>>> print(open('structure.cif').read())   # mmCIF, N, CA and C atoms
data_upload
loop_
_atom_site.group_PDB
_atom_site.id
_atom_site.type_symbol
_atom_site.label_atom_id
_atom_site.label_comp_id
_atom_site.auth_asym_id
_atom_site.auth_seq_id
_atom_site.Cartn_x
_atom_site.Cartn_y
_atom_site.Cartn_z
ATOM 1 N N MET A 8 -36.813 -25.607 -46.426
ATOM 2 C CA MET A 8 -35.440 -25.198 -46.344
ATOM 3 C C MET A 8 -34.810 -25.812 -45.101
ATOM 4 N N ALA A 9 -33.612 -26.333 -45.206
ATOM 5 C CA ALA A 9 -32.952 -26.982 -44.084
ATOM 6 C C ALA A 9 -32.301 -25.941 -43.189
ATOM 7 N N ALA A 10 -32.282 -26.237 -41.897
ATOM 8 C CA ALA A 10 -31.630 -25.349 -40.942
ATOM 9 C C ALA A 10 -30.128 -25.452 -41.132
ATOM 10 N N ARG A 11 -29.405 -24.470 -40.633
ATOM 11 C CA ARG A 11 -27.948 -24.491 -40.756
ATOM 12 C C ARG A 11 -27.398 -25.770 -40.156
ATOM 13 N N GLY A 12 -26.422 -26.324 -40.839
ATOM 14 C CA GLY A 12 -25.789 -27.532 -40.346
ATOM 15 C C GLY A 12 -26.489 -28.807 -40.794
ATOM 16 N N GLN A 13 -27.699 -28.696 -41.331
ATOM 17 C CA GLN A 13 -28.411 -29.868 -41.810
ATOM 18 C C GLN A 13 -28.306 -29.922 -43.322
ATOM 19 N N ALA A 14 -28.170 -31.124 -43.839
ATOM 20 C CA ALA A 14 -28.099 -31.276 -45.290
ATOM 21 C C ALA A 14 -29.481 -31.098 -45.893
ATOM 22 N N GLU A 15 -29.535 -30.402 -47.016
ATOM 23 C CA GLU A 15 -30.811 -30.233 -47.710
ATOM 24 C C GLU A 15 -31.115 -31.505 -48.478
ATOM 25 N N GLU A 16 -32.392 -31.834 -48.593
ATOM 26 C CA GLU A 16 -32.796 -32.994 -49.371
ATOM 27 C C GLU A 16 -32.558 -32.702 -50.843
ATOM 28 N N PRO A 17 -32.132 -33.719 -51.613
ATOM 29 C CA PRO A 17 -31.922 -33.468 -53.043
ATOM 30 C C PRO A 17 -33.244 -33.149 -53.734
ATOM 31 N N VAL A 18 -33.163 -32.291 -54.728
ATOM 32 C CA VAL A 18 -34.344 -31.895 -55.490
ATOM 33 C C VAL A 18 -34.421 -32.795 -56.714
ATOM 34 N N THR A 19 -35.585 -33.358 -56.962
ATOM 35 C CA THR A 19 -35.782 -34.163 -58.158
ATOM 36 C C THR A 19 -35.951 -33.224 -59.339
ATOM 37 N N PRO A 20 -35.023 -33.262 -60.302
ATOM 38 C CA PRO A 20 -35.163 -32.351 -61.425
ATOM 39 C C PRO A 20 -36.356 -32.719 -62.300
ATOM 40 N N ILE A 21 -36.936 -31.763 -62.943
ATOM 41 C CA ILE A 21 -38.039 -31.867 -63.894
ATOM 42 C C ILE A 21 -39.388 -31.752 -63.210
ATOM 43 N N PRO A 22 -40.177 -30.786 -63.692
ATOM 44 C CA PRO A 22 -41.519 -30.600 -63.148
ATOM 45 C C PRO A 22 -42.523 -31.561 -63.751
ATOM 46 N N HIS A 23 -43.625 -31.747 -63.075
ATOM 47 C CA HIS A 23 -44.765 -32.521 -63.573
ATOM 48 C C HIS A 23 -44.391 -33.970 -63.892
ATOM 49 N N SER A 24 -45.296 -34.689 -64.476
ATOM 50 C CA SER A 24 -45.055 -36.050 -64.947
ATOM 51 C C SER A 24 -44.472 -35.965 -66.347
ATOM 52 N N THR A 25 -43.470 -36.747 -66.642
ATOM 53 C CA THR A 25 -42.848 -36.668 -67.964
ATOM 54 C C THR A 25 -43.633 -37.411 -69.028
ATOM 55 N N ALA A 26 -44.534 -38.299 -68.656
ATOM 56 C CA ALA A 26 -45.441 -39.000 -69.587
ATOM 57 C C ALA A 26 -44.746 -39.504 -70.846
ATOM 58 N N GLY A 27 -43.669 -40.255 -70.684
ATOM 59 C CA GLY A 27 -43.001 -40.870 -71.822
ATOM 60 C C GLY A 27 -41.973 -39.998 -72.528
ATOM 61 N N GLU A 28 -41.849 -38.731 -72.163
ATOM 62 C CA GLU A 28 -40.849 -37.858 -72.775
ATOM 63 C C GLU A 28 -39.522 -38.031 -72.044
ATOM 64 N N SER A 29 -38.425 -37.705 -72.716
ATOM 65 C CA SER A 29 -37.148 -37.654 -72.011
ATOM 66 C C SER A 29 -37.184 -36.444 -71.075
ATOM 67 N N GLU A 30 -36.289 -36.418 -70.105
ATOM 68 C CA GLU A 30 -36.265 -35.278 -69.176
ATOM 69 C C GLU A 30 -36.026 -33.969 -69.917
ATOM 70 N N CYS A 31 -35.151 -34.004 -70.905
ATOM 71 C CA CYS A 31 -34.849 -32.778 -71.647
ATOM 72 C C CYS A 31 -36.048 -32.335 -72.488
ATOM 73 N N GLU A 32 -36.719 -33.278 -73.151
ATOM 74 C CA GLU A 32 -37.904 -32.918 -73.923
ATOM 75 C C GLU A 32 -38.948 -32.282 -73.011
ATOM 76 N N HIS A 33 -39.105 -32.867 -71.849
ATOM 77 C CA HIS A 33 -40.094 -32.353 -70.907
ATOM 78 C C HIS A 33 -39.702 -30.962 -70.411
ATOM 79 N N ALA A 34 -38.434 -30.797 -70.070
ATOM 80 C CA ALA A 34 -37.965 -29.489 -69.589
ATOM 81 C C ALA A 34 -38.170 -28.423 -70.654
ATOM 82 N N LEU A 35 -37.854 -28.745 -71.906
ATOM 83 C CA LEU A 35 -38.000 -27.767 -72.976
ATOM 84 C C LEU A 35 -39.461 -27.457 -73.262
ATOM 85 N N THR A 36 -40.338 -28.435 -73.072
ATOM 86 C CA THR A 36 -41.771 -28.205 -73.244
ATOM 87 C C THR A 36 -42.275 -27.175 -72.244
ATOM 88 N N HIS A 37 -41.708 -27.183 -71.037
ATOM 89 C CA HIS A 37 -42.161 -26.295 -69.965
ATOM 90 C C HIS A 37 -41.245 -25.077 -69.772
ATOM 91 N N LEU A 38 -40.361 -24.847 -70.725
ATOM 92 C CA LEU A 38 -39.398 -23.753 -70.611
ATOM 93 C C LEU A 38 -40.068 -22.389 -70.472
ATOM 94 N N TYR A 39 -41.124 -22.140 -71.260
ATOM 95 C CA TYR A 39 -41.763 -20.823 -71.201
ATOM 96 C C TYR A 39 -42.536 -20.639 -69.902
ATOM 97 N N GLU A 40 -43.071 -21.702 -69.345
ATOM 98 C CA GLU A 40 -43.704 -21.588 -68.025
ATOM 99 C C GLU A 40 -42.672 -21.113 -67.012
ATOM 100 N N TYR A 41 -41.468 -21.649 -67.112
ATOM 101 C CA TYR A 41 -40.387 -21.254 -66.204
ATOM 102 C C TYR A 41 -39.996 -19.794 -66.435
ATOM 103 N N LEU A 42 -39.781 -19.435 -67.698
ATOM 104 C CA LEU A 42 -39.355 -18.069 -68.020
ATOM 105 C C LEU A 42 -40.409 -17.030 -67.651
ATOM 106 N N ASP A 43 -41.674 -17.412 -67.737
ATOM 107 C CA ASP A 43 -42.763 -16.484 -67.440
ATOM 108 C C ASP A 43 -43.228 -16.565 -65.989
ATOM 109 N N SER A 44 -42.477 -17.272 -65.156
ATOM 110 C CA SER A 44 -42.792 -17.429 -63.720
ATOM 111 C C SER A 44 -44.205 -17.963 -63.512
ATOM 112 N N GLU A 45 -44.583 -18.968 -64.313
ATOM 113 C CA GLU A 45 -45.911 -19.554 -64.220
ATOM 114 C C GLU A 45 -45.891 -20.941 -63.573
ATOM 115 N N MET A 46 -44.747 -21.323 -63.010
ATOM 116 C CA MET A 46 -44.620 -22.631 -62.362
ATOM 117 C C MET A 46 -44.846 -22.495 -60.868
ATOM 118 N N THR A 47 -45.216 -23.608 -60.265
ATOM 119 C CA THR A 47 -45.285 -23.632 -58.811
ATOM 120 C C THR A 47 -43.847 -23.538 -58.292
ATOM 121 N N PRO A 48 -43.664 -23.117 -57.059
ATOM 122 C CA PRO A 48 -42.294 -23.045 -56.517
ATOM 123 C C PRO A 48 -41.557 -24.388 -56.587
ATOM 124 N N ASP A 49 -42.245 -25.499 -56.328
ATOM 125 C CA ASP A 49 -41.603 -26.814 -56.404
ATOM 126 C C ASP A 49 -41.161 -27.149 -57.821
ATOM 127 N N ASP A 50 -42.034 -26.863 -58.807
ATOM 128 C CA ASP A 50 -41.681 -27.135 -60.198
ATOM 129 C C ASP A 50 -40.525 -26.248 -60.648
ATOM 130 N N GLU A 51 -40.527 -25.012 -60.180
ATOM 131 C CA GLU A 51 -39.435 -24.098 -60.515
ATOM 132 C C GLU A 51 -38.106 -24.626 -59.967
ATOM 133 N N LEU A 52 -38.134 -25.128 -58.751
ATOM 134 C CA LEU A 52 -36.932 -25.728 -58.152
ATOM 135 C C LEU A 52 -36.435 -26.905 -58.981
ATOM 136 N N ARG A 53 -37.353 -27.745 -59.414
ATOM 137 C CA ARG A 53 -36.981 -28.915 -60.224
ATOM 138 C C ARG A 53 -36.392 -28.487 -61.567
ATOM 139 N N MET A 54 -36.972 -27.457 -62.167
ATOM 140 C CA MET A 54 -36.454 -26.972 -63.448
ATOM 141 C C MET A 54 -35.048 -26.416 -63.253
ATOM 142 N N ARG A 55 -34.860 -25.626 -62.206
ATOM 143 C CA ARG A 55 -33.512 -25.088 -61.940
ATOM 144 C C ARG A 55 -32.512 -26.199 -61.715
ATOM 145 N N ALA A 56 -32.930 -27.254 -60.996
ATOM 146 C CA ALA A 56 -32.044 -28.383 -60.745
ATOM 147 C C ALA A 56 -31.671 -29.073 -62.060
ATOM 148 N N HIS A 57 -32.635 -29.186 -62.973
ATOM 149 C CA HIS A 57 -32.344 -29.835 -64.254
ATOM 150 C C HIS A 57 -31.359 -29.007 -65.073
ATOM 151 N N VAL A 58 -31.633 -27.725 -65.257
ATOM 152 C CA VAL A 58 -30.752 -26.918 -66.112
ATOM 153 C C VAL A 58 -29.378 -26.712 -65.474
ATOM 154 N N ALA A 59 -29.288 -26.864 -64.161
ATOM 155 C CA ALA A 59 -27.987 -26.751 -63.499
ATOM 156 C C ALA A 59 -27.072 -27.908 -63.875
ATOM 157 N N HIS A 60 -27.668 -29.031 -64.290
ATOM 158 C CA HIS A 60 -26.875 -30.218 -64.622
ATOM 159 C C HIS A 60 -26.991 -30.620 -66.084
ATOM 160 N N CYS A 61 -27.653 -29.815 -66.887
ATOM 161 C CA CYS A 61 -27.872 -30.170 -68.293
ATOM 162 C C CYS A 61 -27.483 -28.994 -69.179
ATOM 163 N N SER A 62 -26.298 -29.070 -69.757
ATOM 164 C CA SER A 62 -25.791 -27.964 -70.587
ATOM 165 C C SER A 62 -26.678 -27.628 -71.779
ATOM 166 N N PRO A 63 -27.197 -28.615 -72.529
ATOM 167 C CA PRO A 63 -28.053 -28.258 -73.673
ATOM 168 C C PRO A 63 -29.319 -27.504 -73.246
ATOM 169 N N CYS A 64 -29.949 -27.928 -72.151
ATOM 170 C CA CYS A 64 -31.162 -27.231 -71.691
ATOM 171 C C CYS A 64 -30.821 -25.844 -71.148
ATOM 172 N N LEU A 65 -29.689 -25.724 -70.476
ATOM 173 C CA LEU A 65 -29.245 -24.416 -69.985
ATOM 174 C C LEU A 65 -28.984 -23.474 -71.156
ATOM 175 N N ALA A 66 -28.370 -23.997 -72.223
ATOM 176 C CA ALA A 66 -28.109 -23.165 -73.401
ATOM 177 C C ALA A 66 -29.420 -22.697 -74.031
ATOM 178 N N GLU A 67 -30.398 -23.600 -74.139
ATOM 179 C CA GLU A 67 -31.706 -23.234 -74.702
ATOM 180 C C GLU A 67 -32.390 -22.182 -73.833
ATOM 181 N N LEU A 68 -32.314 -22.360 -72.514
ATOM 182 C CA LEU A 68 -32.887 -21.392 -71.576
ATOM 183 C C LEU A 68 -32.239 -20.026 -71.760
ATOM 184 N N SER A 69 -30.925 -20.009 -71.889
ATOM 185 C CA SER A 69 -30.199 -18.743 -72.062
ATOM 186 C C SER A 69 -30.608 -18.039 -73.358
ATOM 187 N N ILE A 70 -30.757 -18.814 -74.424
ATOM 188 C CA ILE A 70 -31.164 -18.235 -75.711
ATOM 189 C C ILE A 70 -32.560 -17.624 -75.590
ATOM 190 N N GLU A 71 -33.480 -18.370 -75.002
ATOM 191 C CA GLU A 71 -34.857 -17.874 -74.875
ATOM 192 C C GLU A 71 -34.933 -16.646 -73.972
ATOM 193 N N GLU A 72 -34.124 -16.614 -72.908
ATOM 194 C CA GLU A 72 -34.081 -15.424 -72.047
ATOM 195 C C GLU A 72 -33.572 -14.224 -72.828
ATOM 196 N N LEU A 73 -32.555 -14.439 -73.640
ATOM 197 C CA LEU A 73 -31.998 -13.362 -74.446
ATOM 198 C C LEU A 73 -33.032 -12.842 -75.444
ATOM 199 N N VAL A 74 -33.759 -13.741 -76.094
ATOM 200 C CA VAL A 74 -34.792 -13.332 -77.046
ATOM 201 C C VAL A 74 -35.855 -12.506 -76.342
ATOM 202 N N LYS A 75 -36.291 -12.956 -75.160
ATOM 203 C CA LYS A 75 -37.297 -12.190 -74.409
ATOM 204 C C LYS A 75 -36.782 -10.791 -74.072
ATOM 205 N N GLN A 76 -35.527 -10.685 -73.671
ATOM 206 C CA GLN A 76 -34.945 -9.381 -73.342
ATOM 207 C C GLN A 76 -34.898 -8.485 -74.578
ATOM 208 N N LEU A 77 -34.498 -9.052 -75.711
ATOM 209 C CA LEU A 77 -34.430 -8.263 -76.949
ATOM 210 C C LEU A 77 -35.805 -7.772 -77.374
ATOM 211 N N VAL A 78 -36.797 -8.645 -77.283
ATOM 212 C CA VAL A 78 -38.162 -8.248 -77.649
ATOM 213 C C VAL A 78 -38.650 -7.147 -76.707
ATOM 214 N N ARG A 79 -38.411 -7.324 -75.409
ATOM 215 C CA ARG A 79 -38.847 -6.333 -74.419
ATOM 216 C C ARG A 79 -38.209 -4.972 -74.694
ATOM 217 N N ARG A 80 -36.918 -4.971 -75.048
ATOM 218 C CA ARG A 80 -36.222 -3.716 -75.326
ATOM 219 C C ARG A 80 -36.677 -3.085 -76.627
ATOM 220 N N SER A 81 -37.015 -3.912 -77.593
ATOM 221 C CA SER A 81 -37.349 -3.416 -78.926
ATOM 222 C C SER A 81 -38.790 -2.968 -79.076
ATOM 223 N N CYS A 82 -39.662 -3.446 -78.251
ATOM 224 C CA CYS A 82 -41.097 -3.176 -78.406
ATOM 225 C C CYS A 82 -41.527 -2.054 -77.476
ATOM 226 N N HIS A 83 -41.432 -0.836 -77.971
ATOM 227 C CA HIS A 83 -41.822 0.313 -77.165
ATOM 228 C C HIS A 83 -43.205 0.829 -77.524
ATOM 229 N N GLU A 84 -43.725 0.360 -78.647
ATOM 230 C CA GLU A 84 -45.027 0.833 -79.091
ATOM 231 C C GLU A 84 -46.135 0.176 -78.289
ATOM 232 N N LYS A 85 -47.183 0.952 -78.022
ATOM 233 C CA LYS A 85 -48.368 0.409 -77.359
ATOM 234 C C LYS A 85 -49.385 0.031 -78.421
ATOM 235 N N ALA A 86 -50.117 -1.026 -78.136
ATOM 236 C CA ALA A 86 -51.191 -1.421 -79.052
ATOM 237 C C ALA A 86 -52.269 -0.348 -79.019
ATOM 238 N N PRO A 87 -52.974 -0.150 -80.135
ATOM 239 C CA PRO A 87 -54.070 0.826 -80.150
ATOM 240 C C PRO A 87 -55.116 0.464 -79.097
ATOM 241 N N ALA A 88 -55.771 1.469 -78.550
ATOM 242 C CA ALA A 88 -56.751 1.262 -77.473
ATOM 243 C C ALA A 88 -57.849 0.279 -77.876
ATOM 244 N N GLY A 89 -58.340 0.356 -79.102
ATOM 245 C CA GLY A 89 -59.393 -0.547 -79.563
ATOM 246 C C GLY A 89 -58.939 -1.997 -79.553
ATOM 247 N N LEU A 90 -57.708 -2.235 -79.983
ATOM 248 C CA LEU A 90 -57.169 -3.587 -79.987
ATOM 249 C C LEU A 90 -57.008 -4.102 -78.560
ATOM 250 N N ARG A 91 -56.491 -3.253 -77.697
ATOM 251 C CA ARG A 91 -56.323 -3.647 -76.290
ATOM 252 C C ARG A 91 -57.669 -4.013 -75.661
ATOM 253 N N GLU A 92 -58.710 -3.238 -75.967
ATOM 254 C CA GLU A 92 -60.043 -3.517 -75.423
ATOM 255 C C GLU A 92 -60.594 -4.833 -75.955
ATOM 256 N N ARG A 93 -60.404 -5.090 -77.257
ATOM 257 C CA ARG A 93 -60.894 -6.350 -77.840
ATOM 258 C C ARG A 93 -60.185 -7.551 -77.226
ATOM 259 N N ILE A 94 -58.888 -7.439 -77.035
ATOM 260 C CA ILE A 94 -58.128 -8.532 -76.423
ATOM 261 C C ILE A 94 -58.597 -8.745 -74.992
ATOM 262 N N HIS A 95 -58.767 -7.673 -74.246
ATOM 263 C CA HIS A 95 -59.223 -7.779 -72.859
ATOM 264 C C HIS A 95 -60.597 -8.443 -72.790
ATOM 265 N N THR A 96 -61.494 -8.043 -73.678
ATOM 266 C CA THR A 96 -62.839 -8.629 -73.717
ATOM 267 C C THR A 96 -62.759 -10.118 -74.030
ATOM 268 N N GLN A 97 -61.952 -10.479 -75.026
ATOM 269 C CA GLN A 97 -61.821 -11.890 -75.406
ATOM 270 C C GLN A 97 -61.232 -12.712 -74.264
ATOM 271 N N LEU A 98 -60.220 -12.195 -73.579
ATOM 272 C CA LEU A 98 -59.632 -12.911 -72.443
ATOM 273 C C LEU A 98 -60.650 -13.077 -71.317
ATOM 274 N N THR A 99 -61.453 -12.053 -71.079
ATOM 275 C CA THR A 99 -62.485 -12.131 -70.054
ATOM 276 C C THR A 99 -63.495 -13.215 -70.397
ATOM 277 N N VAL A 100 -63.885 -13.287 -71.662
ATOM 278 C CA VAL A 100 -64.821 -14.323 -72.111
ATOM 279 C C VAL A 100 -64.189 -15.699 -71.937
ATOM 280 N N MET A 101 -62.923 -15.847 -72.308
ATOM 281 C CA MET A 101 -62.236 -17.135 -72.191
ATOM 282 C C MET A 101 -62.139 -17.580 -70.736
ATOM 283 N N VAL A 102 -61.802 -16.667 -69.841
ATOM 284 C CA VAL A 102 -61.696 -17.000 -68.424
ATOM 285 C C VAL A 102 -63.057 -17.373 -67.868
ATOM 286 N N SER A 103 -64.094 -16.631 -68.226
ATOM 287 C CA SER A 103 -65.455 -16.923 -67.758
ATOM 288 C C SER A 103 -65.916 -18.275 -68.259
ATOM 289 N N THR A 104 -65.658 -18.571 -69.519
ATOM 290 C CA THR A 104 -66.051 -19.850 -70.102
ATOM 291 C C THR A 104 -65.304 -21.006 -69.447
ATOM 292 N N THR A 105 -64.011 -20.830 -69.226
ATOM 293 C CA THR A 105 -63.221 -21.867 -68.581
ATOM 294 C C THR A 105 -63.693 -22.119 -67.169
ATOM 295 N N THR A 106 -64.010 -21.075 -66.441
ATOM 296 C CA THR A 106 -64.481 -21.204 -65.071
ATOM 297 C C THR A 106 -65.802 -21.943 -65.028
ATOM 298 N N ILE A 107 -66.699 -21.631 -65.945
ATOM 299 C CA ILE A 107 -67.997 -22.283 -65.990
ATOM 300 C C ILE A 107 -67.844 -23.763 -66.295
ATOM 301 N N VAL A 108 -66.999 -24.103 -67.270
ATOM 302 C CA VAL A 108 -66.797 -25.495 -67.673
ATOM 303 C C VAL A 108 -66.166 -26.282 -66.530
ATOM 304 N N GLU A 109 -65.177 -25.714 -65.838
ATOM 305 C CA GLU A 109 -64.469 -26.419 -64.776
ATOM 306 C C GLU A 109 -65.347 -26.658 -63.550
ATOM 307 N N THR A 110 -66.355 -25.835 -63.312
ATOM 308 C CA THR A 110 -67.178 -25.979 -62.121
ATOM 309 C C THR A 110 -68.277 -27.015 -62.300
ATOM 310 N N ARG A 111 -68.495 -27.480 -63.510
ATOM 311 C CA ARG A 111 -69.563 -28.467 -63.750
ATOM 312 C C ARG A 111 -69.181 -29.824 -63.303
#
>>> encode(input="structure.cif", output="structure tokens")
Amino acid sequence: MAARGQAEEPVTPIPHSTAGESECEHALTHLYEYLDSEMTPDDELRMRAHVAHCSPCLAELSIEELVKQLVRRSCHEKAPAGLRERIHTQLTVMVSTTTIVETR
């Protein structure tokens, strides 16, 4: 962050390497990472910079945010305890397996 009176450096819009995609295709590919706060702070800054200057991507972001809000408001039921336990067990197995594979 720049001190008062100093100009901030421009932020390069778009997170990660675009690998042949257009900036908009890339931004939309990573939209849910942004919405779910799963980006690094730098990538989040780049995404915000992109949607600040790209009306179609901003519109898509707004739609997806609205859908998430509607789902959150509409889903008051809790999953049955057995289902929650099975999902938790499966996620634990997946994380353990991923950790083992990555450490080799």
>>> atom_distance(input="structure.cif", atom1="CA of Cys64 in chain A", atom2="CA of Cys31 in chain A")
6.7 Å
>>> atom_distance(input="structure.cif", atom1="atom N of Thr96 in chain A", atom2="CA of Gln76 in chain A")
26.6 Å
>>> residues_near_point(input="structure.cif", point="(-38.1, -29.5, -71.3)", cutoff="10 Å", atoms="only C-alpha atoms", output="number ranges by chain")
A: 21-22, 25, 28-39, 41, 54, 57-58, 64, 67-68
>>> closest_residue(input="structure.cif", among="A:Met101, A:Leu42, A:Leu52, A:Ala88", to="Lys75 in chain A", atoms="only C-alpha atoms")
A:Leu42
>>> atom_distance(input="structure.cif", atom1="CA of Glu84 in chain A", atom2="CA of Met46 in chain A")
28.8 Å
>>> axis_aligned_box(input="structure.cif", around="range 78-94 of chain A", padding_each_side="6 Å", output="lines of an AutoDock Vina configuration file")
center_x = -48.6
center_y = -3.6
center_z = -77.3
size_x = 36.7
size_y = 22.2
size_z = 17.7
